[in-house]
Amino acid sequence: MTSSTKSLWTRVVLLGDSITEGSFSSDGRWGAMLANSLQRLCDVIPRGFGGYNSRQWLSVCRDVPVMSLYGDVAVLFLGANDACTNPQQYVPIEEYKTNLAFIVNYMKSTVGVPEVVILTPPPCDTTAMSPEMASERSEEMTANYAEACVQEALELGVPYIDLHTLFKEQSDWQSLLIDGLHLTERGSTLLHSALLPVVKPLAALHGPQNMEEGETILPSYTDASNTDPSPEIEAWVVEHPMPDEAKNQAK
């Protein structure tokens, strides 16, 4: 029997604003897509708060219980609201970069998340927004924040996905946004296709070891004896130790 207190299923925690809060919705379901692709490998947990910016996320980090944010991999997706001129949301671009650095370092040093991936904000399409919303946003401003996000990720030495550029490379990029800001199903699919190959190998570093390509946690029911105990299930756990156990076995 394994002695590890760590779950076999690594935790992928999604940190962000309304695009993350809606990541399990019928349209912006990139989080649900990720969870489906990582079935029997990871637990995907959304921690998104509509309208939040990087400054408000500093308080989230400081004030909520640490375990509320814990994961083996954290995906940090902020900037769309920082780049909004509404005084309730606007954060100057240099402060935005500083805030990203604080959040990444806090997640790693205080929360104990070993892997952090940063996503840039997507482009915005003001022609699809309400007049009020369009008056507070511009694609030029959003592009500047996306560029700053990439710069900060490079300075921090963490993986990143330039979602802004990825979307703009599509000739009909406006169709990736449901209201000029949030993701359509197609936009979610594109984000998922870029995020999965980054997150999956990072999560595997902190889950059961000796996993073959395409293998998932625990044997198929057809390969497990219909007995109690089931020796095949017990053997699988022994043969796939968690990283700390694998290190001890190697000594």
# chains A, B, ... in the order shown; residues from 1 in each chain; ligands from 1

call {"tool": "select_by_dssp", "arguments": {"residues": "range 120-160 of chain A", "states": "alpha helix (DSSP H)", "output": "list of chain:residue names"}}
result
A:Pro131, A:Glu132, A:Met133, A:Ala134, A:Ser135, A:Glu139, A:Glu140, A:Met141, A:Thr142, A:Ala143, A:Asn144, A:Tyr145, A:Ala146, A:Glu147, A:Ala148, A:Cys149, A:Val150, A:Gln151, A:Glu152, A:Ala153, A:Leu154, A:Glu155, A:Leu156

call {"tool": "closest_atom_pairs", "arguments": {"of": "range 75-154 of chain A", "to": "range 14-31 of chain A", "cutoff": "7 Å", "atoms": "only C-alpha atoms", "output": "Markdown table"}}
result
| residue | atom | partner | partner_atom | distance |
| --- | --- | --- | --- | --- |
| A:Val75 | CA | A:Leu14 | CA | 4.9 |
| A:Leu76 | CA | A:Leu15 | CA | 4.9 |
| A:Phe77 | CA | A:Gly16 | CA | 4.8 |
| A:Leu78 | CA | A:Gly16 | CA | 5.4 |

call {"tool": "residues_around", "arguments": {"residues": "Ser193 in chain A", "least_positions_apart": "5", "cutoff": "10 Å", "atoms": "only C-alpha atoms", "output": "ChimeraX atom specification"}}
result
/A:30,33-34,187-188,198

call {"tool": "residues_around", "arguments": {"residues": "range 110-127 of chain A", "least_positions_apart": "5", "cutoff": "6 Å", "atoms": "only C-alpha atoms", "output": "count of residues only"}}
result
23

call {"tool": "atom_distance", "arguments": {"atom1": "CA of Phe102 in chain A", "atom2": "CA of Asn144 in chain A"}}
result
19.9 Å

call {"tool": "select_by_dssp", "arguments": {"residues": "range 136-229 of chain A", "states": "strand (DSSP E or B)", "output": "PyMOL selection string"}}
result
chain A and resi 160-161+177+183

call {"tool": "residues_around", "arguments": {"residues": "Cys84 in chain A", "least_positions_apart": "4", "cutoff": "7 Å", "atoms": "only C-alpha atoms", "output": "ChimeraX atom specification"}}
result
/A:89-90,136-137

call {"tool": "residues_around", "arguments": {"residues": "range 51-58 of chain A", "least_positions_apart": "6", "cutoff": "6 Å", "atoms": "only C-alpha atoms", "output": "list of chain:residue names"}}
result
A:Asp17, A:Asn81, A:Asp82, A:Asn99

call {"tool": "write_last_selection", "arguments": {"atoms": "all heavy atoms", "output": "PDB file, in the first residue's frame"}}
result
ATOM      1  N   ASP A  17      -9.918  35.647 -14.299  1.00  0.00           N
ATOM      2  CA  ASP A  17     -11.093  36.515 -14.231  1.00  0.00           C
ATOM      3  C   ASP A  17     -12.307  35.788 -14.788  1.00  0.00           C
ATOM      4  O   ASP A  17     -12.418  34.574 -14.639  1.00  0.00           O
ATOM      5  CB  ASP A  17     -10.806  37.823 -14.975  1.00  0.00           C
ATOM      6  CG  ASP A  17     -10.247  37.596 -16.376  1.00  0.00           C
ATOM      7  OD1 ASP A  17     -10.662  36.624 -17.043  1.00  0.00           O
ATOM      8  OD2 ASP A  17      -9.390  38.387 -16.826  1.00  0.00           O
ATOM      9  N   ASN A  81      -8.831  42.678 -17.898  1.00  0.00           N
ATOM     10  CA  ASN A  81      -9.459  43.759 -17.126  1.00  0.00           C
ATOM     11  C   ASN A  81      -8.466  44.843 -16.727  1.00  0.00           C
ATOM     12  O   ASN A  81      -8.844  46.005 -16.575  1.00  0.00           O
ATOM     13  CB  ASN A  81     -10.154  43.188 -15.892  1.00  0.00           C
ATOM     14  CG  ASN A  81     -11.302  42.285 -16.281  1.00  0.00           C
ATOM     15  OD1 ASN A  81     -12.058  42.580 -17.197  1.00  0.00           O
ATOM     16  ND2 ASN A  81     -11.429  41.157 -15.594  1.00  0.00           N
ATOM     17  N   ASP A  82      -7.210  44.465 -16.556  1.00  0.00           N
ATOM     18  CA  ASP A  82      -6.180  45.473 -16.281  1.00  0.00           C
ATOM     19  C   ASP A  82      -6.121  46.482 -17.426  1.00  0.00           C
ATOM     20  O   ASP A  82      -5.855  47.670 -17.211  1.00  0.00           O
ATOM     21  CB  ASP A  82      -4.814  44.800 -16.128  1.00  0.00           C
ATOM     22  CG  ASP A  82      -4.755  43.846 -14.954  1.00  0.00           C
ATOM     23  OD1 ASP A  82      -5.446  42.810 -14.989  1.00  0.00           O
ATOM     24  OD2 ASP A  82      -4.031  44.137 -14.001  1.00  0.00           O
ATOM     25  N   ASN A  99       2.576  42.901 -10.609  1.00  0.00           N
ATOM     26  CA  ASN A  99       1.583  42.040  -9.964  1.00  0.00           C
ATOM     27  C   ASN A  99       1.697  40.602 -10.444  1.00  0.00           C
ATOM     28  O   ASN A  99       1.571  39.657  -9.645  1.00  0.00           O
ATOM     29  CB  ASN A  99       0.174  42.573 -10.238  1.00  0.00           C
ATOM     30  CG  ASN A  99      -0.094  43.905  -9.572  1.00  0.00           C
ATOM     31  OD1 ASN A  99       0.654  44.331  -8.692  1.00  0.00           O
ATOM     32  ND2 ASN A  99      -1.143  44.583  -9.989  1.00  0.00           N
TER      33      ASN A  99
END

call {"tool": "closest_residue", "arguments": {"among": "A:Leu38, A:Val13, A:Ile93, A:Ala235", "to": "Thr216 in chain A", "atoms": "only C-alpha atoms"}}
result
A:Leu38

call {"tool": "closest_residue", "arguments": {"among": "A:Cys61, A:Leu191, A:Leu100, A:Met242", "to": "Leu166 in chain A", "atoms": "only C-alpha atoms"}}
result
A:Leu191

call {"tool": "closest_residue", "arguments": {"among": "A:Arg40, A:Glu212, A:Ala128, A:Thr165", "to": "Glu147 in chain A", "atoms": "only C-alpha atoms"}}
result
A:Thr165

call {"tool": "atom_distance", "arguments": {"atom1": "CA of Glu215 in chain A", "atom2": "CA of Pro46 in chain A"}}
result
24.8 Å

call {"tool": "closest_residue", "arguments": {"among": "A:Ser135, A:Ser130, A:Gln174, A:Ser59", "to": "Tyr106 in chain A", "atoms": "only C-alpha atoms"}}
result
A:Ser59

call {"tool": "closest_residue", "arguments": {"among": "A:Leu154, A:Leu190, A:Met133, A:Ala35", "to": "Trp173 in chain A", "atoms": "only C-alpha atoms"}}
result
A:Leu190

call {"tool": "atom_distance", "arguments": {"atom1": "CA of Met129 in chain A", "atom2": "CA of Thr189 in chain A"}}
result
21.8 Å
